[in-house]
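Data from protein_13.txt: compact mmCIF, C-alpha atoms
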```txt
# COMPACT_ATOMS: atom_id res chain seq x y z
CA MET A 1295 0.56 71.77 -0.34
CA MET A 1296 -2.43 71.76 2.00
CA GLU A 1297 -2.79 75.52 1.59
CA LEU A 1298 -3.21 75.06 -2.18
CA LEU A 1299 -5.77 72.35 -1.52
CA LYS A 1300 -7.87 74.84 0.45
CA LYS A 1301 -7.73 77.42 -2.35
CA ASP A 1302 -8.26 75.15 -5.36
CA LYS A 1303 -11.77 73.69 -5.37
CA GLY A 1304 -10.94 71.44 -8.28
CA LEU A 1305 -8.21 69.65 -6.37
CA LYS A 1306 -10.16 69.60 -3.11
CA GLN A 1307 -13.44 68.28 -4.50
CA GLY A 1308 -11.71 65.85 -6.81
CA LEU A 1309 -9.58 64.40 -4.05
CA SER A 1310 -12.63 63.96 -1.82
CA ARG A 1311 -14.11 61.56 -4.40
CA VAL A 1312 -10.98 59.43 -4.80
CA THR A 1313 -11.28 55.91 -3.38
CA PRO A 1314 -8.80 53.01 -3.16
CA PRO A 1315 -10.71 50.95 -5.77
CA LYS A 1316 -10.67 53.94 -8.14
CA ILE A 1317 -6.93 54.41 -7.62
CA ALA A 1318 -6.32 50.73 -8.39
CA GLU A 1319 -8.49 50.90 -11.52
CA VAL A 1320 -6.74 54.00 -12.89
CA MET A 1321 -3.24 52.75 -12.16
CA GLU A 1322 -3.88 49.51 -13.98
CA ARG A 1323 -5.51 51.30 -16.90
CA VAL A 1324 -2.61 53.73 -17.36
CA PHE A 1325 0.43 51.61 -16.52
CA GLU A 1326 -0.73 48.28 -17.91
CA GLY A 1327 -2.88 49.49 -20.78
CA GLU A 1328 -2.15 52.98 -22.07
CA THR A 1329 1.57 53.54 -21.60
CA GLY A 1330 2.92 50.10 -22.40
CA ALA A 1331 6.65 49.78 -21.82
CA ARG A 1332 7.50 53.44 -22.40
CA VAL A 1333 7.15 54.60 -18.77
CA LYS A 1334 8.99 51.56 -17.43
CA PHE A 1335 11.80 52.08 -19.96
CA TYR A 1336 12.23 55.75 -19.09
CA LEU A 1337 12.16 55.20 -15.33
CA GLU A 1338 14.66 52.37 -15.47
CA SER A 1339 16.94 54.13 -17.97
CA CYS A 1340 17.46 57.36 -16.02
CA MET A 1341 21.01 57.47 -14.64
CA ARG A 1342 20.34 60.36 -12.22
CA CYS A 1343 23.23 62.19 -13.90
CA GLY A 1344 21.76 65.65 -13.26
CA MET A 1345 22.20 67.00 -16.78
CA CYS A 1346 18.52 67.85 -16.90
CA PHE A 1347 19.01 70.35 -14.05
CA TYR A 1348 20.43 72.81 -16.59
CA GLY A 1349 17.51 72.30 -18.96
CA CYS A 1350 14.74 73.38 -16.58
CA HIS A 1351 13.93 77.06 -15.97
CA LEU A 1352 12.28 76.21 -12.64
CA CYS A 1353 15.37 74.42 -11.40
CA ILE A 1354 17.75 77.16 -12.57
CA SER A 1355 15.55 79.83 -10.95
CA HIS A 1356 15.90 77.95 -7.65
CA ASP A 1357 19.69 77.66 -7.69
CA LEU A 1358 19.57 74.12 -9.11
CA ASP A 1359 17.52 72.81 -6.19
CA PRO A 1360 17.11 69.07 -6.98
CA ARG A 1361 13.43 69.15 -5.97
CA TYR A 1362 12.66 71.28 -9.01
CA SER A 1363 14.82 69.35 -11.45
CA PRO A 1364 13.06 67.24 -14.10
CA VAL A 1365 14.39 64.04 -12.54
CA GLY A 1366 13.38 65.26 -9.08
CA LYS A 1367 9.85 66.02 -10.20
CA VAL A 1368 9.52 62.62 -11.87
CA LYS A 1369 10.90 60.92 -8.73
CA ASP A 1370 8.40 62.71 -6.47
CA SER A 1371 5.36 62.15 -8.68
CA LEU A 1372 5.31 59.47 -11.36
CA GLU A 1373 7.86 57.18 -9.78
CA VAL A 1374 5.90 57.17 -6.51
CA LEU A 1375 2.67 56.31 -8.30
CA TYR A 1376 4.37 53.69 -10.48
CA ASP A 1377 5.95 51.94 -7.51
CA LYS A 1378 2.92 52.08 -5.20
CA ARG A 1379 0.19 51.50 -7.82
CA GLU A 1380 -3.04 50.61 -5.96
CA LYS A 1381 -1.39 51.47 -2.63
CA ALA A 1382 -0.93 55.11 -3.60
CA THR A 1383 -2.53 57.49 -1.09
CA LYS A 1384 -4.55 60.65 -1.58
CA GLU A 1385 -1.50 62.62 -0.45
CA ASP A 1386 0.55 60.95 -3.19
CA ILE A 1387 -2.08 61.90 -5.78
CA LEU A 1388 -2.27 65.51 -4.55
CA ARG A 1389 1.49 65.97 -4.57
CA ALA A 1390 1.73 64.45 -8.05
CA ALA A 1391 -1.06 66.74 -9.35
CA ILE A 1392 0.58 69.90 -8.00
CA ILE A 1393 3.94 68.95 -9.50
CA ALA A 1394 2.58 67.91 -12.89
CA PHE A 1395 0.13 70.79 -13.38
CA THR A 1396 1.97 73.72 -11.79
CA GLU A 1397 5.70 72.88 -11.78
CA CYS A 1398 6.24 71.66 -15.34
CA ASN A 1399 5.42 73.53 -18.55
CA LEU A 1400 5.93 70.46 -20.76
CA CYS A 1401 8.40 72.64 -22.66
CA LYS A 1402 10.75 69.73 -23.49
CA ARG A 1403 13.90 71.80 -23.03
CA CYS A 1404 15.20 69.23 -20.56
CA VAL A 1405 14.98 66.53 -23.25
CA MET A 1406 17.72 68.35 -25.16
CA TYR A 1407 20.07 68.00 -22.19
CA CYS A 1408 19.35 64.38 -21.30
CA PRO A 1409 22.06 62.07 -22.72
CA LEU A 1410 19.42 59.36 -23.13
CA GLY A 1411 16.69 61.62 -24.55
CA ILE A 1412 14.21 60.83 -21.77
CA ASP A 1413 11.03 62.77 -22.47
CA THR A 1414 10.10 64.26 -19.11
CA ALA A 1415 7.21 66.16 -20.66
CA TYR A 1416 5.66 62.83 -21.67
CA LEU A 1417 6.17 61.48 -18.14
CA MET A 1418 4.51 64.55 -16.64
CA SER A 1419 1.63 64.17 -19.08
CA VAL A 1420 1.17 60.61 -17.81
CA VAL A 1421 0.87 62.01 -14.28
CA ARG A 1422 -1.72 64.49 -15.55
CA ARG A 1423 -3.55 61.62 -17.24
CA ILE A 1424 -3.75 59.72 -13.96
CA CYS A 1425 -4.95 62.81 -12.12
CA PHE A 1426 -7.56 63.55 -14.79
CA LEU A 1427 -8.94 60.02 -14.65
CA LEU A 1428 -9.17 60.38 -10.86
CA GLY A 1429 -10.86 63.78 -11.22
CA VAL A 1430 -8.05 65.66 -9.44
CA VAL A 1431 -7.47 68.66 -11.73
CA PRO A 1432 -7.03 72.39 -10.91
CA GLU A 1433 -10.37 74.13 -11.15
CA TYR A 1434 -9.50 76.85 -13.68
CA ILE A 1435 -7.99 74.64 -16.35
CA GLN A 1436 -10.77 72.06 -15.94
CA ASP A 1437 -13.27 74.84 -16.61
CA THR A 1438 -11.60 75.57 -19.95
CA VAL A 1439 -11.85 71.88 -20.83
CA ASN A 1440 -15.53 71.95 -19.91
CA SER A 1441 -15.93 74.92 -22.24
CA HIS A 1442 -14.19 73.03 -25.05
CA SER A 1443 -16.54 70.11 -24.50
CA ALA A 1444 -19.67 72.26 -24.55
CA THR A 1445 -18.78 74.97 -27.10
CA TYR A 1446 -15.63 73.78 -28.95
CA ASN A 1447 -13.80 76.86 -27.68
CA GLN A 1448 -12.00 77.50 -24.39
CA MET A 1449 -13.70 80.75 -23.36
CA TRP A 1450 -17.43 79.86 -23.39
CA VAL A 1451 -17.89 82.07 -26.48
CA LYS A 1452 -21.38 81.51 -27.87
CA GLY A 1453 -22.05 81.17 -31.59
CA ASP A 1454 -23.75 84.54 -31.93
CA GLU A 1455 -20.96 86.24 -29.95
CA TRP A 1456 -18.35 84.89 -32.37
CA ILE A 1457 -20.31 86.10 -35.43
CA ASP A 1458 -21.07 89.47 -33.82
CA THR A 1459 -17.35 89.98 -33.12
CA LEU A 1460 -16.47 89.28 -36.76
CA TYR A 1461 -19.13 91.69 -38.08
CA TRP A 1462 -18.06 94.32 -35.54
CA GLN A 1463 -14.42 94.08 -36.63
CA GLU A 1464 -15.40 94.09 -40.30
CA GLU A 1465 -17.38 97.30 -39.78
CA GLU A 1466 -14.39 98.92 -38.07
CA LEU A 1467 -12.01 97.68 -40.79
CA SER A 1468 -14.14 98.97 -43.65
CA GLU A 1469 -13.79 102.49 -42.26
CA GLU A 1470 -10.00 102.19 -42.58
CA MET A 1471 -9.82 100.16 -45.81
CA GLU A 1472 -12.45 100.85 -48.42
CA GLY A 1473 -13.93 97.58 -49.64
CA ALA A 1474 -12.21 95.47 -46.98
CA SER A 1475 -14.15 92.54 -45.61
CA ILE A 1476 -13.96 89.61 -43.21
CA PRO A 1477 -15.35 86.70 -45.25
CA VAL A 1478 -17.39 84.15 -43.33
CA ASP A 1479 -18.08 80.63 -44.61
CA LYS A 1480 -16.60 81.33 -48.04
CA LYS A 1481 -16.56 77.99 -49.82
CA GLY A 1482 -13.40 76.97 -51.62
CA ALA A 1483 -11.23 79.76 -50.17
CA GLU A 1484 -7.48 79.31 -50.29
CA ILE A 1485 -7.16 79.41 -46.50
CA MET A 1486 -9.27 79.10 -43.38
CA TYR A 1487 -7.81 81.31 -40.68
CA SER A 1488 -8.26 79.98 -37.15
CA VAL A 1489 -7.69 81.82 -33.88
CA ILE A 1490 -8.04 80.94 -30.20
CA GLY A 1491 -10.87 81.70 -27.80
CA PRO A 1492 -9.27 84.69 -26.04
CA GLU A 1493 -9.18 86.71 -29.29
CA PRO A 1494 -12.93 87.30 -29.70
CA LYS A 1495 -13.28 87.39 -25.92
CA PHE A 1496 -10.48 89.78 -24.97
CA SER A 1497 -8.37 90.75 -28.02
CA PRO A 1498 -10.64 91.41 -31.02
CA GLN A 1499 -8.08 93.91 -32.32
CA LEU A 1500 -5.92 90.95 -33.36
CA ILE A 1501 -8.75 89.72 -35.58
CA TYR A 1502 -8.99 93.24 -37.01
CA GLU A 1503 -5.25 93.48 -37.68
CA ALA A 1504 -5.01 90.00 -39.25
CA ALA A 1505 -7.96 90.85 -41.49
CA ALA A 1506 -6.25 94.10 -42.50
CA ILE A 1507 -3.10 92.19 -43.46
CA PHE A 1508 -5.03 89.60 -45.48
CA ASN A 1509 -7.04 92.26 -47.30
CA ALA A 1510 -3.91 94.26 -48.07
CA ALA A 1511 -2.21 91.13 -49.42
CA GLY A 1512 -5.21 90.08 -51.51
CA VAL A 1513 -5.46 86.74 -49.71
CA ASP A 1514 -8.37 84.46 -50.59
CA TRP A 1515 -9.47 83.56 -47.07
CA THR A 1516 -12.36 82.94 -44.72
CA PHE A 1517 -13.43 82.44 -41.14
CA PRO A 1518 -15.88 79.64 -40.31
CA SER A 1519 -19.12 80.65 -38.61
CA SER A 1520 -19.56 77.32 -36.88
CA PRO A 1521 -17.55 75.64 -34.08
CA GLY A 1522 -14.08 74.68 -35.21
CA TRP A 1523 -12.79 78.26 -35.42
CA ASP A 1524 -10.86 77.91 -32.12
CA ASN A 1525 -7.60 76.00 -32.61
CA SER A 1526 -6.63 75.89 -28.92
CA ASP A 1527 -6.69 72.67 -26.92
CA MET A 1528 -6.65 72.80 -23.12
CA ALA A 1529 -7.90 69.21 -23.04
CA MET A 1530 -4.51 68.11 -24.39
CA PHE A 1531 -2.84 69.57 -21.30
CA VAL A 1532 -5.31 68.01 -18.89
CA ARG A 1533 -4.97 64.74 -20.83
CA ASP A 1534 -8.69 64.45 -21.46
CA ASP A 1535 -7.91 62.54 -24.63
CA VAL A 1536 -11.56 62.19 -25.67
CA VAL A 1537 -12.30 65.92 -25.65
CA ALA A 1538 -8.88 66.72 -27.20
CA THR A 1539 -9.66 64.40 -30.09
CA ARG A 1540 -13.14 65.90 -30.56
CA ILE A 1541 -11.66 69.42 -30.71
CA LYS A 1542 -9.14 68.59 -33.43
CA ARG A 1543 -11.60 66.50 -35.43
CA LYS A 1544 -14.05 69.41 -35.41
CA HIS A 1545 -11.29 71.81 -36.50
CA PHE A 1546 -10.51 69.73 -39.58
CA GLU A 1547 -14.13 68.84 -40.34
CA THR A 1548 -15.01 72.54 -40.37
CA ALA A 1549 -12.20 73.25 -42.85
CA MET A 1550 -13.27 70.29 -45.01
CA ARG A 1551 -16.88 71.49 -44.98
CA LEU A 1552 -15.70 74.82 -46.39
CA GLY A 1553 -13.46 73.10 -48.95
CA VAL A 1554 -10.45 75.30 -48.18
CA GLN A 1555 -6.97 74.44 -49.41
CA ARG A 1556 -5.08 75.14 -46.19
CA ILE A 1557 -5.57 76.01 -42.54
CA VAL A 1558 -3.53 78.94 -41.23
CA MET A 1559 -3.32 78.84 -37.45
CA GLY A 1560 -3.03 82.17 -35.69
CA GLU A 1561 -0.33 83.07 -33.19
CA CYS A 1562 -0.72 80.13 -30.83
CA GLY A 1563 1.96 77.59 -29.95
CA HIS A 1564 0.08 74.77 -28.28
CA GLY A 1565 -2.68 74.83 -30.89
CA LEU A 1566 -0.13 73.83 -33.50
CA ARG A 1567 1.32 71.21 -31.16
CA SER A 1568 -2.11 69.70 -30.66
CA VAL A 1569 -2.42 69.21 -34.42
CA TYR A 1570 0.72 67.14 -34.79
CA ASP A 1571 0.55 65.58 -31.31
CA VAL A 1572 -3.14 64.68 -31.13
CA VAL A 1573 -4.74 64.37 -34.53
CA THR A 1574 -2.65 61.80 -36.35
CA ARG A 1575 -1.90 59.77 -33.23
CA GLN A 1576 -5.28 59.64 -31.52
CA LEU A 1577 -7.48 59.74 -34.60
CA GLY A 1578 -5.27 57.24 -36.39
CA TRP A 1579 -4.86 59.46 -39.45
CA LYS A 1580 -1.77 58.84 -41.52
CA PHE A 1581 -1.78 62.41 -42.88
CA TYR A 1582 -3.75 65.57 -42.17
CA PRO A 1583 -6.76 65.84 -44.49
CA ILE A 1584 -5.87 69.50 -45.05
CA PRO A 1585 -2.37 71.06 -44.80
CA VAL A 1586 -1.75 73.25 -41.73
CA VAL A 1587 0.71 76.14 -41.40
CA HIS A 1588 1.43 78.49 -38.51
CA ALA A 1589 1.06 82.26 -38.76
CA VAL A 1590 4.87 82.59 -38.73
CA GLU A 1591 5.10 80.50 -41.90
CA PHE A 1592 2.22 82.30 -43.59
CA TYR A 1593 3.46 85.79 -42.77
CA TRP A 1594 6.85 84.92 -44.22
CA GLU A 1595 5.09 83.75 -47.40
CA LEU A 1596 3.34 87.11 -47.68
CA LEU A 1597 6.49 89.11 -46.96
CA SER A 1598 8.92 87.12 -49.12
CA SER A 1599 6.52 87.05 -52.09
CA GLY A 1600 6.01 90.81 -51.95
CA LYS A 1601 2.27 90.53 -51.27
CA ILE A 1602 2.92 92.56 -48.14
CA LYS A 1603 5.39 95.41 -48.39
CA ILE A 1604 6.87 97.10 -45.35
CA LYS A 1605 6.59 100.89 -45.48
CA LYS A 1606 8.61 101.67 -42.37
CA LYS A 1607 10.61 99.34 -40.17
CA LEU A 1608 10.21 99.55 -36.41
CA LYS A 1609 13.19 101.42 -34.95
CA ARG A 1610 12.78 100.36 -31.32
CA LYS A 1611 15.21 97.83 -29.84
CA VAL A 1612 13.46 94.46 -29.90
CA THR A 1613 14.22 90.90 -28.86
CA ILE A 1614 12.62 87.58 -29.81
CA HIS A 1615 11.08 85.01 -27.50
CA ASP A 1616 10.81 81.54 -29.04
CA PRO A 1617 7.59 79.73 -28.10
CA CYS A 1618 8.46 76.16 -27.08
CA ASN A 1619 5.86 74.48 -29.26
CA ILE A 1620 6.75 76.19 -32.52
CA SER A 1621 10.49 76.30 -31.84
CA ARG A 1622 11.52 73.03 -30.23
CA GLY A 1623 8.28 71.47 -31.42
CA ARG A 1624 8.16 72.63 -35.04
CA GLY A 1625 11.52 74.24 -35.83
CA LEU A 1626 10.12 77.65 -36.82
CA HIS A 1627 12.74 79.70 -34.97
CA TYR A 1628 14.64 80.54 -38.19
CA LEU A 1629 11.53 81.71 -40.05
CA LEU A 1630 10.47 83.68 -36.99
CA ARG A 1631 13.70 85.66 -37.20
CA GLN A 1632 13.27 86.30 -40.91
CA VAL A 1633 9.84 87.79 -40.26
CA VAL A 1634 11.06 89.91 -37.33
CA HIS A 1635 14.10 91.22 -39.23
CA ALA A 1636 11.85 92.09 -42.18
CA VAL A 1637 9.83 94.37 -39.90
CA CYS A 1638 12.34 95.59 -37.29
CA GLU A 1639 15.65 97.46 -37.65
CA ASN A 1640 17.21 96.90 -34.24
CA VAL A 1641 17.00 93.24 -33.18
CA VAL A 1642 19.03 91.78 -30.31
CA GLU A 1643 19.03 88.13 -29.33
CA MET A 1644 18.41 86.63 -25.93
CA HIS A 1645 20.99 84.15 -24.75
CA PRO A 1646 20.39 81.30 -25.01
CA ASN A 1647 18.03 81.58 -27.97
CA MET A 1648 16.09 79.66 -30.62
CA GLU A 1649 15.50 76.03 -29.60
CA HIS A 1650 17.57 76.61 -26.43
CA ASN A 1651 15.53 79.62 -25.32
CA TYR A 1652 14.01 79.46 -21.84
CA CYS A 1653 10.28 78.82 -21.56
CA CYS A 1654 8.02 81.75 -20.61
CA GLY A 1655 6.53 79.69 -17.77
CA ALA A 1656 2.95 80.09 -18.98
CA GLY A 1657 2.65 77.26 -21.49
CA GLY A 1658 1.75 73.64 -20.89
CA GLY A 1659 -1.50 74.78 -19.29
CA VAL A 1660 0.31 76.18 -16.23
CA ILE A 1661 -1.03 79.72 -16.60
CA ASN A 1662 -4.48 78.24 -17.15
CA CYS A 1663 -4.41 76.70 -13.68
CA GLY A 1664 -5.47 80.11 -12.43
CA PRO A 1665 -4.45 83.18 -10.42
CA ILE A 1666 -3.88 81.29 -7.15
CA TYR A 1667 -0.70 79.86 -8.70
CA LYS A 1668 0.59 83.12 -10.17
CA GLU A 1669 2.97 84.03 -7.33
CA LYS A 1670 4.47 80.55 -7.45
CA ARG A 1671 4.78 80.75 -11.24
CA MET A 1672 6.57 84.10 -11.05
CA LYS A 1673 9.19 82.79 -8.62
CA PHE A 1674 9.92 80.03 -11.11
CA MET A 1675 10.64 82.62 -13.79
CA LYS A 1676 13.61 84.50 -12.31
CA VAL A 1677 15.93 83.08 -14.98
CA LYS A 1678 13.61 84.34 -17.73
CA ALA A 1679 13.42 87.78 -16.15
CA ASP A 1680 17.23 87.93 -15.98
CA GLN A 1681 17.43 86.83 -19.62
CA LEU A 1682 14.99 89.53 -20.75
CA ARG A 1683 16.67 92.25 -18.69
CA ALA A 1684 20.08 91.45 -20.15
CA THR A 1685 18.93 92.27 -23.70
CA GLY A 1686 18.19 95.90 -22.90
CA ALA A 1687 15.29 95.64 -25.35
CA GLU A 1688 12.21 97.87 -25.27
CA LEU A 1689 9.99 95.25 -26.88
CA VAL A 1690 9.86 91.47 -26.83
CA ILE A 1691 8.14 89.76 -29.77
CA THR A 1692 6.48 86.37 -29.50
CA PRO A 1693 3.96 84.67 -31.83
CA CYS A 1694 2.02 82.87 -29.08
CA HIS A 1695 -0.84 83.88 -26.79
CA ASN A 1696 0.31 81.99 -23.70
CA CYS A 1697 3.83 83.35 -24.17
CA HIS A 1698 2.42 86.85 -24.54
CA SER A 1699 0.52 86.52 -21.25
CA GLY A 1700 3.42 84.83 -19.48
CA LEU A 1701 5.94 87.45 -20.58
CA HIS A 1702 3.56 90.25 -19.62
CA ASP A 1703 3.30 88.79 -16.11
CA ILE A 1704 7.10 88.47 -15.81
CA ILE A 1705 7.69 92.03 -17.03
CA SER A 1706 5.18 93.36 -14.51
CA TYR A 1707 6.36 91.21 -11.58
CA TYR A 1708 10.07 91.90 -12.08
CA ASP A 1709 9.53 95.54 -13.08
CA LEU A 1710 11.22 95.26 -16.47
CA SER A 1711 11.11 98.25 -18.80
CA MET A 1712 9.71 96.57 -21.89
CA GLU A 1713 6.49 95.61 -23.64
CA VAL A 1714 5.26 92.49 -25.46
CA SER A 1715 3.93 92.30 -29.00
CA PHE A 1716 2.50 89.79 -31.45
CA LEU A 1717 3.82 89.60 -35.02
CA THR A 1718 0.38 90.47 -36.35
CA HIS A 1719 0.40 93.84 -34.63
CA LEU A 1720 3.91 94.69 -35.85
CA ILE A 1721 3.19 93.79 -39.46
CA TYR A 1722 -0.07 95.74 -39.36
CA GLU A 1723 1.70 98.81 -37.97
CA CYS A 1724 4.61 98.66 -40.43
CA MET A 1725 3.03 97.50 -43.69
CA GLN A 1726 2.36 99.72 -46.65
CA PRO A 1727 -1.35 100.57 -46.89
CA PRO A 1728 -3.22 98.78 -49.73
CA GLN A 1729 -3.77 101.95 -51.70
CA GLU A 1730 0.01 102.53 -51.83
CA GLN A 1731 0.96 99.00 -52.83
```
For the structure just supplied, provide its representation as C-alpha cells.
Amino acid sequence: MMELLKKDKGLKQGLSRVTPPKIAEVMERVFEGETGARVKFYLESCMRCGMCFYGCHLCISHDLDPRYSPVGKVKDSLEVLYDKREKATKEDILRAAIIAFTECNLCKRCVMYCPLGIDTAYLMSVVRRICFLLGVVPEYIQDTVNSHSATYNQMWVKGDEWIDTLYWQEEELSEEMEGASIPVDKKGAEIMYSVIGPEPKFSPQLIYEAAAIFNAAGVDWTFPSSPGWDNSDMAMFVRDDVVATRIKRKHFETAMRLGVQRIVMGECGHGLRSVYDVVTRQLGWKFYPIPVVHAVEFYWELLSSGKIKIKKKLKRKVTIHDPCNISRGRGLHYLLRQVVHAVCENVVEMHPNMEHNYCCGAGGGVINCGPIYKEKRMKFMKVKADQLRATGAELVITPCHNCHSGLHDIISYYDLSMEVSFLTHLIYECMQPPQEQ
C-alpha cells in the first residue's frame, strides 16, 4: 500500500492535505446527508453468506480469497469509515481509496449473486465519493476529470482539433465514397452521433468507419462542432457529481441546440450508464429531453431494416464479450448477438455469457487510474483470460472502448492468440458498398 502511495502523486498529495476536521466534515456530509439510510441498511443487512465470492472476477482469480470478495472489500473500506467516522485515520482513507478505485470495477455482477440484492457497486461508489471530497484520488483518473471540467471531453481535445479530425476523416472518406460527407452542426438531423474522447485522439479510423456506414445507409445525421460531442464521463467514476452533471447536461443541450430527433451513442458502455444513472437522478429530469440509443441498438436497426446489407460474412471464429454497462446495465446482450450473427459466420459463446459474463477488468474507471496499476489489474483478470482461452476464438468482439482496451491488455499479458474488434469495424469491413446496394 505504501509503495503505491509513493508512485501515485494524486493519492500522496491528496492524503497530505487531509486533516481530522476535514475527515469529520466529509463523513457527516456523506453518511448523514447524501446517503440517507441506504448505506446503513446495506451494511446491517449483509449476512456474510459468501455468495458474492462467486460473482467477483477479482475474488475468483485469487482462489476465492475473502480479502478480494465484495463483502471483504466493503468490510475493509466502507464499513471501517462508517464505524469510525471522524476518528478515521489517513491510513484508513488510503486503504479505502486503493480498494474502491483499483479493486472494484463497479460491474454489479456480484449483485446478481447476493440473496438480498445488496448493491456493492453503490457502496464502493460511496467510498469513492468520500475519497473525492477529501481529495484522495489516483492522479491519472483525476486528470481526465479535470479535462472534462475544462474541455467537456476526457482527453484535453481542443475545439479546433476536434473539427480538424472530422474534416480530415471526411476528406479520406470522400476518396472511397464519392459524395460521402461528415455533416457538422446540421440542424434538424434525425440523429446526433456522439463518440468518446479517445476516438479523435487515438482512433480516428472509428469515426471514418462509422461515417462510412451512415453514408452507405443514407442516415440523416450530424456531429456537433461544439463541446457535448464526447459522451464519456470519468467524473461519474470519481464521484465528482458536479462535473458529471455538467457533462451530461452539456451533451443534451448540444443535441437540443441542433434540434435532432435522437442521440446515438458510439461504442461506449459507461457513457450510456452515465445517461441513465446521472442525468435523470442528479438533474431531476423525469424523462430525457431527447431519446438516446446505443450503437448496438442503432446498428441492429440499420441491419434489420435492410439499410445496410452484408456482402460477405466474416469467416473467422469469433466470440462475444458483454460490456457490463450495456449488458447488466441496459439488457442489450440479445441485440448484440443479433448484430454479431448478422456479420459473422462462426460465433462461439464464452461461458458464462450475456448478463453473467465476467467483467473485462478495465471498466469502472479502473484502467483510467493509470499504468502503475496495470500489473495488479492483470493479476485480477486470470479468470477472464481462462474464459477467453477456452473459446478457441481468433477474435473477440465488444462494443465498448474500455472493454476493448482491457481485453487487449489481457490478451497481451496472458499471451492469448486472438484479437479484439469493435462492431463498427466489422460492419464496415463486411457491408455491401453503397454503389452496389
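Pairwise distance (CA of Ile1584 in chain A, CA of Leu1597 in chain A) equals 23.3 Å.
Closest approach to Lys1609 in chain A from the set A:Pro1646, A:Ile1412, A:Met1559, A:Cys1724 is made by A:Cys1724, with distances taken over all atoms listed in the file.
Closest approach to Asp1709 in chain A from the set A:Asp1680, A:Glu1503, A:Glu1328, A:Asp1514 is made by A:Asp1680, with distances taken over all atoms listed in the file.
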**Request:** Find the residues near range 1525-1534 of chain A: any atom within 7 Å, counting all atoms listed in the file, skip ones fewer than 5 places away on the same chain, and give them as a PyMOL selection string.
**Result:** chain A and resi 1419+1422-1423+1426+1438-1439+1488-1490+1545+1564-1565+1568+1658-1659
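Between CA of Ala1318 in chain A and CA of Ile1387 in chain A the interatomic distance comes to 12.2 Å.
Ranking A:Glu1547, A:Glu1297, A:Glu1484, A:Glu1713 by their shortest atom-to-atom distance to Lys1611 in chain A, with only C-alpha atoms included, puts A:Glu1713 first.
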**Prompt:** Which residue, A:Lys1480, A:His1615, A:Arg1610, A:Arg1683, has the smallest gap to Ala1549 in chain A when you use all atoms listed in the file?
**Reply:** A:Lys1480
**Prompt:** Thr1313 in chain A: which residues within 10 Å, counting all atoms listed in the file, same-chain residues fewer than 5 positions away excluded, as a PyMOL selection string?
**Reply:** chain A and resi 1318-1319+1383-1384+1428
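Closest approach to Cys1654 in chain A from the set A:Ile1424, A:Ile1457, A:Leu1417, A:Met1672 is made by A:Met1672, with distances taken over all atoms listed in the file.
Relative to CA of Ala1391 in chain A, CA of Cys1425 in chain A is found at 6.2 Å.
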**Prompt:** Any idea what's packed within 8 Å of range 1343-1360 of chain A, counting all atoms listed in the file, ignoring anything in its chain fewer than 5 positions away? Could you give it as a ChimeraX atom specification?
**Reply:** /A:1365-1366,1397,1403-1409,1652-1653,1673-1678
**Request:** Anything within 6 Å of (5.1, 66.8, -23.5): list those residues as a list of chain:residue names, counting only C-alpha atoms and sticking to the file's coordinates.
**Result:** A:Leu1400, A:Ala1415, A:Tyr1416
Just want the 10 Å neighbourhood of Ser1310 in chain A, counted on all atoms listed in the file, with same-chain residues fewer than 2 positions away dropped. Output as a PDB file with C-alpha atoms, keeping the file's coordinate frame.
```pdb
ATOM      1  CA  LEU A1305      -8.210  69.650  -6.370  1.00  0.00           C
ATOM      2  CA  LYS A1306     -10.160  69.600  -3.110  1.00  0.00           C
ATOM      3  CA  GLN A1307     -13.440  68.280  -4.500  1.00  0.00           C
ATOM      4  CA  GLY A1308     -11.710  65.850  -6.810  1.00  0.00           C
ATOM      5  CA  VAL A1312     -10.980  59.430  -4.800  1.00  0.00           C
ATOM      6  CA  THR A1313     -11.280  55.910  -3.380  1.00  0.00           C
ATOM      7  CA  LYS A1384      -4.550  60.650  -1.580  1.00  0.00           C
ATOM      8  CA  GLY A1429     -10.860  63.780 -11.220  1.00  0.00           C
ATOM      9  CA  VAL A1430      -8.050  65.660  -9.440  1.00  0.00           C
TER      10      VAL A1430
END
```
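Ranking A:Thr1539, A:Tyr1593, A:Gln1448, A:Lys1605 by their shortest atom-to-atom distance to Arg1575 in chain A, with only C-alpha atoms included, puts A:Thr1539 first.
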**Message:** Can you pull out the residues contacting Gln1463 in chain A? Cut-off 8 Å, using all atoms listed in the file, and skip same-chain residues under 6 positions away; I want them as a PyMOL selection string.
**Reply:** chain A and resi 1476+1498-1499+1501-1502
File of the preceding selection, C-alpha atoms, as a JSON list (two decimals), in the frame of the given file:
```json
[["chain", "number", "residue", "atom", "x", "y", "z"],
["A", 1476, "ILE", "CA", -13.96, 89.61, -43.21],
["A", 1498, "PRO", "CA", -10.64, 91.41, -31.02],
["A", 1499, "GLN", "CA", -8.08, 93.91, -32.32],
["A", 1501, "ILE", "CA", -8.75, 89.72, -35.58],
["A", 1502, "TYR", "CA", -8.99, 93.24, -37.01]]
```
Centre and size of axis-aligned box enclosing range 1416-1430 of chain A plus 3 Å each side, as JSON:
```
{"center_x": -2.3, "center_y": 62.7, "center_z": -15.6, "size_x": 23.0, "size_y": 11.9, "size_z": 18.2}
```
